[in-house]
Amino acid sequence: MSNIRAIRGMNDILPGDTPYWQHLERSVSGVLASYGYAEIRLPVVEQTELFKRSIGEVTDIVEKEMYTFDDRNGESLTLRPEGTAGCVRAAIQQGLLGVPQRLWYAGPMFRYERPQKGRQRQFHQIGAEAFGVATPDMDAELILLTARLWARLGIADSVELQLNSIGNLAARQAYRAALVTYLEQHEQALDEDSQRRLHSNPLRILDSKNPDTQALLDSAPDLADYLDDESRDDFVRLRELLDAAGVSYVINPRLVRGLDYYNKTVFEWVTDRLGAQGTVCAGGRYDGLVQQLGGKSTPGVGFAMGMERLVLLLQETGALSAVDANLDAYVVSVGSDAQRAALAQVEQLRSGMPGLNMLQHTGGGSFKSQLKKADKSAARVALIWGEDEVAAGTVTLKPLRESDGERQAQQTVPVEQLQAVLTAVLASDTQ
Ligand code: ATP
Ligand code: MG
């Protein structure tokens with residue numbers, strides 16, 4: 001019989017990688033909390049209509065990437081492809097929008113894409129959303145927060161901030177018309193995807209990867225020339241705030257983002273260390289979205305970061321080199337009397353030293369084979385209960401790692417002194 005395998009593009013995250021994930025998750029939630037953001041936990045499945053109405057009917061996500069199905073009642077449901085729509089839905093439904101609101105969420109997202117490095121069908125995001133503030137100081141806060149996170153993670157030198165303003169709806173419509181007029185004259189020279197988008201979602205042509213299309217765009221009308229006054233002023237102000245805070249950025253006039261709900265500021269943090277999947281965090285302002293989803297008109301701005309790509313970047317840059325094995329002690333006990341004594345005494349030790357990570361050898365075996373496992377575990381110390389120890393009411397501590405090329409001597413101590421001696425041994429070992 002053939003083995004059952006995971007769904008293509010939906011990966012197991014293995015024990016060798018989870019320390020990176022945990023480190024990343026802790027860093028992100030720590031920075032978010034330090035800026036006053038509160039976590040919200042949202043369902044993974046929503047009504048399909050939510051995503052159609054927010055992300056937009058003619059976007060890649062809604063047209064071809066959603067996991068949509070009818071439930072047993074015939075209602076059309078979708079595995080969330082991103083987090084903003086659900087967050088806005090919840091904020092409206094739960095009445096969170098009367099006052100400025102800073103929220104963050106984390107979890108898996110689902111898109112039917114071609115799996116490759118940094119691109120999965122189930123992937124994970126942490127996102128933040130700020131509601132109720134229309135001014136660009138809010139945009140600046142979100143960008144500063146992410147910049148601080150990269151610094152804390154040690155990857156600040158590997159990412160670049162790209163910024164643009166896409167204006168209000170009227171500005172985008174005027175620009176869209178001008179762009180279409182220009183591109184229609186060169187329709188045959190456009191790549192296939194761009195020809196398809198020319199009349200459905202022409203702004204997306206701006207971030208076509210095709211070199212010929214990009215060359216055509218060099219002489220295309222400029223979005224910046226079509227911006228409304230308010231968007232232009234807000235963008236100037238945002239840049240002033242970032243300059244004052246010492247955050248550097250490049251203006252990318254072709255940055256438009258693939259979701260329809262954005263207006264004014266859009267931004268991406270991009271790295272050149274991960275090949276084609278270079279955007280590790282992306283976001284922008286979406287002042288119309290709350291109303292579009294049935295709430296009272298409320299401005300919003302947010303971002304989402306791709307956790308898989310950030311983990312790859314941490315590994316790629318060595319910013320977090322071989323995450324430390326975090327086992328303190330490996331417990332060896334040979335014979336049934338010793339096992340009984342060890343189990344009881346180790347439980348006491350766990351009560352006395354709650355932060356200690358200890359692995360109790362299970363399944364028996366000789367002294368030699370257990371010690372081999374202890375060595376392999378990369379624990380700092382082996383705690384050994386043998387026949388002699390049990391008879392004498394003692395335990396042997398055997399340091400397992402070398403520090404400065406030397407290994408501390410092993411010692412046998414009365415069980416009552418175990419906690420004190422272990423504390424001293426772990427403290428004196430620089431590891
Ligand atoms: P891309 O252009 O790479 O497809 P996107 O614009 O579709 O990205 P967003 O919807 O803005 O992506 O999502 C925010 C972030 O989530 C991205 O910048 C990326 O880091 C991550 N992300 C998006 N799709 C995937 C995916 N399929 N696999 C892994 N990470 C993803
Ligand atoms: Mg995409």
# chains A, B, ... in the order shown; residues from 1 in each chain; ligands from 1

$ residues_around --residues "Gly167 (chain A)" --least-positions-apart "6" --cutoff "7 Å" --atoms "only C-alpha atoms" --output "number ranges by chain"
A: 227-228, 231, 263-264

$ select_by_dssp --residues "region 233-415 of chain A" --states "helix (DSSP H, G or I)" --output "number ranges by chain"
A: 233-244, 289-292, 307-317, 336-352, 367-376, 387-392, 415

$ residues_near_ligand --ligand "ligand 2" --cutoff "8 Å" --atoms "only C-alpha atoms and all ligand atoms" --output "PyMOL selection string"
chain A and resi 60-61+113+258

$ closest_atom_pairs --of "region 285-338 of chain A" --to "region 147-151 of chain A" --cutoff "12 Å" --atoms "only C-alpha atoms" --output "JSON lines"
{"residue": "A:Met305", "atom": "CA", "partner": "A:Leu149", "partner_atom": "CA", "distance": 11.2}
{"residue": "A:Leu310", "atom": "CA", "partner": "A:Trp150", "partner_atom": "CA", "distance": 9.7}
{"residue": "A:Leu313", "atom": "CA", "partner": "A:Trp150", "partner_atom": "CA", "distance": 10.7}
{"residue": "A:Leu314", "atom": "CA", "partner": "A:Trp150", "partner_atom": "CA", "distance": 10.1}
{"residue": "A:Ala319", "atom": "CA", "partner": "A:Trp150", "partner_atom": "CA", "distance": 10.4}

$ closest_atom_pairs --of "chain A" --to "ligand 1" --cutoff "10 Å" --atoms "only C-alpha atoms and all ligand atoms" --output "CSV"
residue,atom,partner,partner_atom_place_in_ligand_line,distance
A:Gly9,CA,ligand 1,27 (N),8.6
A:Met10,CA,ligand 1,28 (N),9.7
A:Ile55,CA,ligand 1,10 (O),9.4
A:Thr59,CA,ligand 1,7 (O),9.9
A:Asp60,CA,ligand 1,7 (O),8.2
A:Ile61,CA,ligand 1,7 (O),7.6
A:Glu65,CA,ligand 1,27 (N),9.2
A:Pro81,CA,ligand 1,10 (O),7.8
A:Glu82,CA,ligand 1,10 (O),6.3
A:Gly83,CA,ligand 1,10 (O),8.9
A:Thr84,CA,ligand 1,10 (O),9.5
A:Pro108,CA,ligand 1,29 (C),9.9
A:Met109,CA,ligand 1,25 (C),8.1
A:Phe110,CA,ligand 1,27 (N),7.4
A:Arg111,CA,ligand 1,27 (N),5.9
A:Tyr112,CA,ligand 1,27 (N),7.7
A:Glu113,CA,ligand 1,27 (N),6.1
A:Arg114,CA,ligand 1,27 (N),8.0
A:Pro115,CA,ligand 1,27 (N),7.4
A:Gln116,CA,ligand 1,28 (N),8.4
A:Lys117,CA,ligand 1,29 (C),8.4
A:Gly118,CA,ligand 1,29 (C),5.1
A:Arg119,CA,ligand 1,28 (N),3.3
A:Gln120,CA,ligand 1,28 (N),4.1
A:Arg121,CA,ligand 1,27 (N),5.5
A:Gln122,CA,ligand 1,28 (N),6.9
A:Phe123,CA,ligand 1,29 (C),4.9
A:His124,CA,ligand 1,30 (N),6.8
A:Gln125,CA,ligand 1,16 (O),6.0
A:Ile126,CA,ligand 1,16 (O),8.5
A:Gly127,CA,ligand 1,14 (C),8.4
A:Asp207,CA,ligand 1,2 (O),9.1
A:Val256,CA,ligand 1,6 (O),9.3
A:Arg257,CA,ligand 1,6 (O),5.8
A:Gly258,CA,ligand 1,6 (O),5.4
A:Leu259,CA,ligand 1,10 (O),7.1
A:Phe267,CA,ligand 1,11 (O),9.5
A:Glu268,CA,ligand 1,18 (O),7.1
A:Trp269,CA,ligand 1,18 (O),7.7
A:Val270,CA,ligand 1,18 (O),8.2
A:Ala276,CA,ligand 1,3 (O),8.1
A:Gln277,CA,ligand 1,3 (O),5.4
A:Gly278,CA,ligand 1,3 (O),6.9
A:Thr279,CA,ligand 1,18 (O),4.4
A:Val280,CA,ligand 1,20 (O),3.7
A:Cys281,CA,ligand 1,18 (O),4.3
A:Ala282,CA,ligand 1,18 (O),4.8
A:Gly283,CA,ligand 1,11 (O),6.4
A:Gly284,CA,ligand 1,11 (O),9.4
A:Phe303,CA,ligand 1,14 (C),7.3
A:Ala304,CA,ligand 1,14 (C),4.8
A:Met305,CA,ligand 1,15 (C),4.7
A:Gly306,CA,ligand 1,20 (O),3.4
A:Met307,CA,ligand 1,20 (O),6.9
A:Glu308,CA,ligand 1,29 (C),6.0
A:Arg309,CA,ligand 1,20 (O),6.0
A:Leu310,CA,ligand 1,20 (O),7.7

$ closest_residue --among "A:Arg285, A:Lys398, A:Arg172, A:Arg80" --to "Ala134 (chain A)" --atoms "only C-alpha atoms"
A:Arg285

$ select_by_dssp --residues "region 273-337 of chain A" --states "strand (DSSP E or B)" --output "PyMOL selection string"
chain A and resi 279-285+300-306+329-333

$ residues_around --residues "Val390 (chain A)" --least-positions-apart "2" --cutoff "9 Å" --atoms "only C-alpha atoms" --output "PDB file with all heavy atoms, in the first residue's frame"
ATOM      1  N   ASP A 337      15.958  -0.499  40.800  1.00  0.00           N
ATOM      2  CA  ASP A 337      16.024   0.314  42.026  1.00  0.00           C
ATOM      3  C   ASP A 337      16.480   1.729  41.690  1.00  0.00           C
ATOM      4  O   ASP A 337      15.924   2.719  42.175  1.00  0.00           O
ATOM      5  CB  ASP A 337      17.033  -0.282  43.014  1.00  0.00           C
ATOM      6  CG  ASP A 337      16.501  -1.574  43.633  1.00  0.00           C
ATOM      7  OD1 ASP A 337      15.292  -1.858  43.423  1.00  0.00           O
ATOM      8  OD2 ASP A 337      17.297  -2.283  44.279  1.00  0.00           O
ATOM      9  N   ALA A 338      17.521   1.787  40.868  1.00  0.00           N
ATOM     10  CA  ALA A 338      18.062   3.097  40.503  1.00  0.00           C
ATOM     11  C   ALA A 338      17.021   3.902  39.738  1.00  0.00           C
ATOM     12  O   ALA A 338      16.865   5.107  39.955  1.00  0.00           O
ATOM     13  CB  ALA A 338      19.327   2.927  39.655  1.00  0.00           C
ATOM     14  N   ALA A 341      14.542   5.349  42.211  1.00  0.00           N
ATOM     15  CA  ALA A 341      15.126   6.465  42.965  1.00  0.00           C
ATOM     16  C   ALA A 341      15.273   7.696  42.068  1.00  0.00           C
ATOM     17  O   ALA A 341      14.916   8.814  42.458  1.00  0.00           O
ATOM     18  CB  ALA A 341      16.488   6.053  43.525  1.00  0.00           C
ATOM     19  N   ALA A 342      15.767   7.463  40.863  1.00  0.00           N
ATOM     20  CA  ALA A 342      16.000   8.590  39.951  1.00  0.00           C
ATOM     21  C   ALA A 342      14.700   9.316  39.637  1.00  0.00           C
ATOM     22  O   ALA A 342      14.618  10.543  39.706  1.00  0.00           O
ATOM     23  CB  ALA A 342      16.652   8.080  38.665  1.00  0.00           C
ATOM     24  N   TRP A 385      22.317   7.751  38.183  1.00  0.00           N
ATOM     25  CA  TRP A 385      21.958   6.913  39.314  1.00  0.00           C
ATOM     26  C   TRP A 385      22.303   5.462  38.956  1.00  0.00           C
ATOM     27  O   TRP A 385      21.696   4.888  38.058  1.00  0.00           O
ATOM     28  CB  TRP A 385      20.463   6.991  39.602  1.00  0.00           C
ATOM     29  CG  TRP A 385      20.020   8.157  40.464  1.00  0.00           C
ATOM     30  CD1 TRP A 385      19.819   8.135  41.814  1.00  0.00           C
ATOM     31  CD2 TRP A 385      19.692   9.479  40.039  1.00  0.00           C
ATOM     32  NE1 TRP A 385      19.400   9.381  42.250  1.00  0.00           N
ATOM     33  CE2 TRP A 385      19.319  10.224  41.179  1.00  0.00           C
ATOM     34  CE3 TRP A 385      19.699  10.128  38.796  1.00  0.00           C
ATOM     35  CZ2 TRP A 385      18.930  11.557  41.122  1.00  0.00           C
ATOM     36  CZ3 TRP A 385      19.310  11.447  38.743  1.00  0.00           C
ATOM     37  CH2 TRP A 385      18.937  12.157  39.896  1.00  0.00           C
ATOM     38  N   GLY A 386      23.325   4.890  39.641  1.00  0.00           N
ATOM     39  CA  GLY A 386      23.645   3.479  39.465  1.00  0.00           C
ATOM     40  C   GLY A 386      23.423   2.760  40.800  1.00  0.00           C
ATOM     41  O   GLY A 386      22.979   3.375  41.766  1.00  0.00           O
ATOM     42  N   GLU A 387      23.770   1.486  40.838  1.00  0.00           N
ATOM     43  CA  GLU A 387      23.575   0.713  42.075  1.00  0.00           C
ATOM     44  C   GLU A 387      24.312   1.336  43.249  1.00  0.00           C
ATOM     45  O   GLU A 387      23.768   1.477  44.345  1.00  0.00           O
ATOM     46  CB  GLU A 387      24.101  -0.715  41.887  1.00  0.00           C
ATOM     47  CG  GLU A 387      23.062  -1.670  41.359  1.00  0.00           C
ATOM     48  CD  GLU A 387      23.677  -3.034  41.058  1.00  0.00           C
ATOM     49  OE1 GLU A 387      24.575  -3.463  41.835  1.00  0.00           O
ATOM     50  OE2 GLU A 387      23.267  -3.644  40.059  1.00  0.00           O
ATOM     51  N   ASP A 388      25.573   1.718  43.025  1.00  0.00           N
ATOM     52  CA  ASP A 388      26.381   2.295  44.105  1.00  0.00           C
ATOM     53  C   ASP A 388      25.748   3.570  44.633  1.00  0.00           C
ATOM     54  O   ASP A 388      25.655   3.794  45.840  1.00  0.00           O
ATOM     55  CB  ASP A 388      27.797   2.629  43.619  1.00  0.00           C
ATOM     56  CG  ASP A 388      28.542   1.362  43.205  1.00  0.00           C
ATOM     57  OD1 ASP A 388      28.034   0.257  43.540  1.00  0.00           O
ATOM     58  OD2 ASP A 388      29.597   1.487  42.532  1.00  0.00           O
ATOM     59  N   ALA A 392      24.271   4.363  48.400  1.00  0.00           N
ATOM     60  CA  ALA A 392      24.891   5.401  49.227  1.00  0.00           C
ATOM     61  C   ALA A 392      24.045   6.670  49.328  1.00  0.00           C
ATOM     62  O   ALA A 392      24.416   7.612  50.033  1.00  0.00           O
ATOM     63  CB  ALA A 392      26.263   5.757  48.641  1.00  0.00           C
ATOM     64  N   GLY A 393      22.904   6.712  48.637  1.00  0.00           N
ATOM     65  CA  GLY A 393      22.077   7.925  48.669  1.00  0.00           C
ATOM     66  C   GLY A 393      22.733   9.097  47.960  1.00  0.00           C
ATOM     67  O   GLY A 393      22.626  10.243  48.378  1.00  0.00           O
ATOM     68  N   THR A 394      23.455   8.779  46.894  1.00  0.00           N
ATOM     69  CA  THR A 394      24.163   9.839  46.158  1.00  0.00           C
ATOM     70  C   THR A 394      23.720   9.864  44.694  1.00  0.00           C
ATOM     71  O   THR A 394      22.909   9.037  44.256  1.00  0.00           O
ATOM     72  CB  THR A 394      25.687   9.593  46.176  1.00  0.00           C
ATOM     73  OG1 THR A 394      25.934   8.305  45.601  1.00  0.00           O
ATOM     74  CG2 THR A 394      26.246   9.657  47.589  1.00  0.00           C
ATOM     75  N   VAL A 395      24.256  10.819  43.965  1.00  0.00           N
ATOM     76  CA  VAL A 395      24.045  10.904  42.521  1.00  0.00           C
ATOM     77  C   VAL A 395      25.342  11.445  41.907  1.00  0.00           C
ATOM     78  O   VAL A 395      26.054  12.220  42.540  1.00  0.00           O
ATOM     79  CB  VAL A 395      22.831  11.790  42.180  1.00  0.00           C
ATOM     80  CG1 VAL A 395      22.927  13.155  42.815  1.00  0.00           C
ATOM     81  CG2 VAL A 395      22.654  11.929  40.661  1.00  0.00           C
TER      82      VAL A 395
END

$ residues_around --residues "Ser76 (chain A)" --least-positions-apart "6" --cutoff "12 Å" --atoms "only C-alpha atoms" --output "list of chain:residue names"
A:Val45, A:Glu46, A:Gln47, A:Thr48, A:Glu49, A:Leu50, A:Phe51, A:Lys52, A:Met66, A:Tyr67, A:Thr68, A:Phe69, A:Asp70

$ write_last_selection --atoms "N, CA, C and O atoms" --output "PDB file, in the first residue's frame"
ATOM      1  N   VAL A  45     -11.209  29.698   8.569  1.00  0.00           N
ATOM      2  CA  VAL A  45     -12.187  29.609   7.482  1.00  0.00           C
ATOM      3  C   VAL A  45     -13.180  30.765   7.606  1.00  0.00           C
ATOM      4  O   VAL A  45     -13.619  31.094   8.701  1.00  0.00           O
ATOM      5  N   GLU A  46     -13.486  31.385   6.483  1.00  0.00           N
ATOM      6  CA  GLU A  46     -14.460  32.481   6.468  1.00  0.00           C
ATOM      7  C   GLU A  46     -15.384  32.281   5.254  1.00  0.00           C
ATOM      8  O   GLU A  46     -15.095  31.486   4.357  1.00  0.00           O
ATOM      9  N   GLN A  47     -16.463  33.075   5.216  1.00  0.00           N
ATOM     10  CA  GLN A  47     -17.313  33.069   4.026  1.00  0.00           C
ATOM     11  C   GLN A  47     -16.498  33.529   2.816  1.00  0.00           C
ATOM     12  O   GLN A  47     -15.752  34.505   2.895  1.00  0.00           O
ATOM     13  N   THR A  48     -16.667  32.851   1.709  1.00  0.00           N
ATOM     14  CA  THR A  48     -15.924  33.191   0.492  1.00  0.00           C
ATOM     15  C   THR A  48     -16.127  34.655   0.110  1.00  0.00           C
ATOM     16  O   THR A  48     -15.194  35.344  -0.331  1.00  0.00           O
ATOM     17  N   GLU A  49     -17.361  35.120   0.316  1.00  0.00           N
ATOM     18  CA  GLU A  49     -17.724  36.491  -0.027  1.00  0.00           C
ATOM     19  C   GLU A  49     -16.792  37.528   0.612  1.00  0.00           C
ATOM     20  O   GLU A  49     -16.489  38.560   0.020  1.00  0.00           O
ATOM     21  N   LEU A  50     -16.333  37.240   1.841  1.00  0.00           N
ATOM     22  CA  LEU A  50     -15.455  38.184   2.547  1.00  0.00           C
ATOM     23  C   LEU A  50     -14.214  38.496   1.716  1.00  0.00           C
ATOM     24  O   LEU A  50     -13.803  39.644   1.589  1.00  0.00           O
ATOM     25  N   PHE A  51     -13.611  37.479   1.136  1.00  0.00           N
ATOM     26  CA  PHE A  51     -12.368  37.687   0.395  1.00  0.00           C
ATOM     27  C   PHE A  51     -12.635  38.298  -0.973  1.00  0.00           C
ATOM     28  O   PHE A  51     -11.863  39.118  -1.466  1.00  0.00           O
ATOM     29  N   LYS A  52     -13.754  37.894  -1.587  1.00  0.00           N
ATOM     30  CA  LYS A  52     -14.089  38.491  -2.887  1.00  0.00           C
ATOM     31  C   LYS A  52     -14.291  39.984  -2.727  1.00  0.00           C
ATOM     32  O   LYS A  52     -13.829  40.780  -3.546  1.00  0.00           O
ATOM     33  N   MET A  66      -7.481  30.640  -4.312  1.00  0.00           N
ATOM     34  CA  MET A  66      -8.193  30.335  -3.071  1.00  0.00           C
ATOM     35  C   MET A  66      -8.619  28.870  -2.978  1.00  0.00           C
ATOM     36  O   MET A  66      -8.977  28.242  -3.966  1.00  0.00           O
ATOM     37  N   TYR A  67      -8.571  28.346  -1.757  1.00  0.00           N
ATOM     38  CA  TYR A  67      -9.123  27.035  -1.458  1.00  0.00           C
ATOM     39  C   TYR A  67     -10.575  27.252  -1.035  1.00  0.00           C
ATOM     40  O   TYR A  67     -10.861  27.611   0.104  1.00  0.00           O
ATOM     41  N   THR A  68     -11.492  27.056  -1.990  1.00  0.00           N
ATOM     42  CA  THR A  68     -12.905  27.341  -1.755  1.00  0.00           C
ATOM     43  C   THR A  68     -13.703  26.050  -1.876  1.00  0.00           C
ATOM     44  O   THR A  68     -13.429  25.231  -2.749  1.00  0.00           O
ATOM     45  N   PHE A  69     -14.658  25.873  -0.972  1.00  0.00           N
ATOM     46  CA  PHE A  69     -15.471  24.647  -1.002  1.00  0.00           C
ATOM     47  C   PHE A  69     -16.834  24.942  -0.398  1.00  0.00           C
ATOM     48  O   PHE A  69     -16.999  25.909   0.348  1.00  0.00           O
ATOM     49  N   ASP A  70     -17.794  24.114  -0.718  1.00  0.00           N
ATOM     50  CA  ASP A  70     -19.108  24.208  -0.080  1.00  0.00           C
ATOM     51  C   ASP A  70     -19.125  23.333   1.156  1.00  0.00           C
ATOM     52  O   ASP A  70     -18.666  22.187   1.114  1.00  0.00           O
TER      53      ASP A  70
END

$ closest_residue --among "A:Ile166, A:Leu255, A:Ala189, A:Val180" --to "Leu206 (chain A)" --atoms "only C-alpha atoms"
A:Leu255

$ closest_residue --among "A:Ala174, A:Tyr262, A:Val311, A:Asp137" --to "Gly16 (chain A)" --atoms "only C-alpha atoms"
A:Val311

$ atom_distance --atom1 "CA of Pro136 (chain A)" --atom2 "CA of Pro299 (chain A)"
11.1 Å

$ atom_distance --atom1 "CA of Glu192 (chain A)" --atom2 "CA of Ala178 (chain A)"
20.4 Å

$ closest_residue --among "A:Ala420, A:Val58, A:Ile384, A:Val88" --to "Pro202 (chain A)" --atoms "only C-alpha atoms"
A:Val58

$ decode --residues "region 128-137 of chain A" --atoms "all heavy atoms" --output "PDB file, in the first residue's frame"
ATOM      1  N   ALA A 128      -0.087  42.913  11.419  1.00  0.00           N
ATOM      2  CA  ALA A 128      -0.555  43.929  12.359  1.00  0.00           C
ATOM      3  C   ALA A 128      -1.481  44.875  11.618  1.00  0.00           C
ATOM      4  O   ALA A 128      -1.272  45.143  10.431  1.00  0.00           O
ATOM      5  CB  ALA A 128       0.632  44.697  12.942  1.00  0.00           C
ATOM      6  N   GLU A 129      -2.505  45.363  12.308  1.00  0.00           N
ATOM      7  CA  GLU A 129      -3.447  46.292  11.702  1.00  0.00           C
ATOM      8  C   GLU A 129      -3.712  47.408  12.707  1.00  0.00           C
ATOM      9  O   GLU A 129      -3.921  47.134  13.890  1.00  0.00           O
ATOM     10  CB  GLU A 129      -4.794  45.607  11.376  1.00  0.00           C
ATOM     11  CG  GLU A 129      -4.711  44.221  10.741  1.00  0.00           C
ATOM     12  CD  GLU A 129      -4.224  44.209   9.294  1.00  0.00           C
ATOM     13  OE1 GLU A 129      -4.022  45.293   8.706  1.00  0.00           O
ATOM     14  OE2 GLU A 129      -4.031  43.106   8.747  1.00  0.00           O
ATOM     15  N   ALA A 130      -3.708  48.650  12.227  1.00  0.00           N
ATOM     16  CA  ALA A 130      -4.043  49.787  13.098  1.00  0.00           C
ATOM     17  C   ALA A 130      -5.264  50.490  12.509  1.00  0.00           C
ATOM     18  O   ALA A 130      -5.235  50.918  11.360  1.00  0.00           O
ATOM     19  CB  ALA A 130      -2.864  50.748  13.194  1.00  0.00           C
ATOM     20  N   PHE A 131      -6.329  50.578  13.300  1.00  0.00           N
ATOM     21  CA  PHE A 131      -7.582  51.159  12.821  1.00  0.00           C
ATOM     22  C   PHE A 131      -7.839  52.515  13.465  1.00  0.00           C
ATOM     23  O   PHE A 131      -7.494  52.727  14.632  1.00  0.00           O
ATOM     24  CB  PHE A 131      -8.753  50.231  13.173  1.00  0.00           C
ATOM     25  CG  PHE A 131      -8.686  48.900  12.487  1.00  0.00           C
ATOM     26  CD1 PHE A 131      -8.299  47.763  13.182  1.00  0.00           C
ATOM     27  CD2 PHE A 131      -9.011  48.788  11.143  1.00  0.00           C
ATOM     28  CE1 PHE A 131      -8.237  46.531  12.552  1.00  0.00           C
ATOM     29  CE2 PHE A 131      -8.962  47.557  10.506  1.00  0.00           C
ATOM     30  CZ  PHE A 131      -8.568  46.428  11.212  1.00  0.00           C
ATOM     31  N   GLY A 132      -8.465  53.401  12.722  1.00  0.00           N
ATOM     32  CA  GLY A 132      -8.989  54.628  13.318  1.00  0.00           C
ATOM     33  C   GLY A 132      -8.070  55.830  13.229  1.00  0.00           C
ATOM     34  O   GLY A 132      -8.402  56.886  13.750  1.00  0.00           O
ATOM     35  N   VAL A 133      -6.904  55.689  12.592  1.00  0.00           N
ATOM     36  CA  VAL A 133      -5.999  56.837  12.460  1.00  0.00           C
ATOM     37  C   VAL A 133      -5.675  57.025  10.974  1.00  0.00           C
ATOM     38  O   VAL A 133      -5.107  56.134  10.343  1.00  0.00           O
ATOM     39  CB  VAL A 133      -4.696  56.634  13.261  1.00  0.00           C
ATOM     40  CG1 VAL A 133      -3.793  57.857  13.109  1.00  0.00           C
ATOM     41  CG2 VAL A 133      -5.011  56.377  14.729  1.00  0.00           C
ATOM     42  N   ALA A 134      -6.036  58.197  10.443  1.00  0.00           N
ATOM     43  CA  ALA A 134      -5.881  58.432   9.005  1.00  0.00           C
ATOM     44  C   ALA A 134      -4.545  59.082   8.663  1.00  0.00           C
ATOM     45  O   ALA A 134      -4.159  59.134   7.501  1.00  0.00           O
ATOM     46  CB  ALA A 134      -7.021  59.307   8.496  1.00  0.00           C
ATOM     47  N   THR A 135      -3.823  59.557   9.665  1.00  0.00           N
ATOM     48  CA  THR A 135      -2.612  60.346   9.390  1.00  0.00           C
ATOM     49  C   THR A 135      -1.378  59.452   9.255  1.00  0.00           C
ATOM     50  O   THR A 135      -1.331  58.347   9.801  1.00  0.00           O
ATOM     51  CB  THR A 135      -2.397  61.369  10.523  1.00  0.00           C
ATOM     52  OG1 THR A 135      -2.608  60.712  11.778  1.00  0.00           O
ATOM     53  CG2 THR A 135      -3.380  62.523  10.384  1.00  0.00           C
ATOM     54  N   PRO A 136      -0.359  59.960   8.535  1.00  0.00           N
ATOM     55  CA  PRO A 136       0.793  59.107   8.199  1.00  0.00           C
ATOM     56  C   PRO A 136       1.709  58.789   9.381  1.00  0.00           C
ATOM     57  O   PRO A 136       2.616  57.970   9.233  1.00  0.00           O
ATOM     58  CB  PRO A 136       1.538  59.917   7.135  1.00  0.00           C
ATOM     59  CG  PRO A 136       1.050  61.300   7.263  1.00  0.00           C
ATOM     60  CD  PRO A 136      -0.325  61.249   7.825  1.00  0.00           C
ATOM     61  N   ASP A 137       1.472  59.405  10.560  1.00  0.00           N
ATOM     62  CA  ASP A 137       2.260  58.984  11.723  1.00  0.00           C
ATOM     63  C   ASP A 137       1.974  57.521  12.058  1.00  0.00           C
ATOM     64  O   ASP A 137       2.830  56.800  12.567  1.00  0.00           O
ATOM     65  CB  ASP A 137       2.007  59.891  12.935  1.00  0.00           C
ATOM     66  CG  ASP A 137       0.535  60.144  13.202  1.00  0.00           C
ATOM     67  OD1 ASP A 137      -0.307  59.826  12.335  1.00  0.00           O
ATOM     68  OD2 ASP A 137       0.211  60.660  14.288  1.00  0.00           O
TER      69      ASP A 137
END
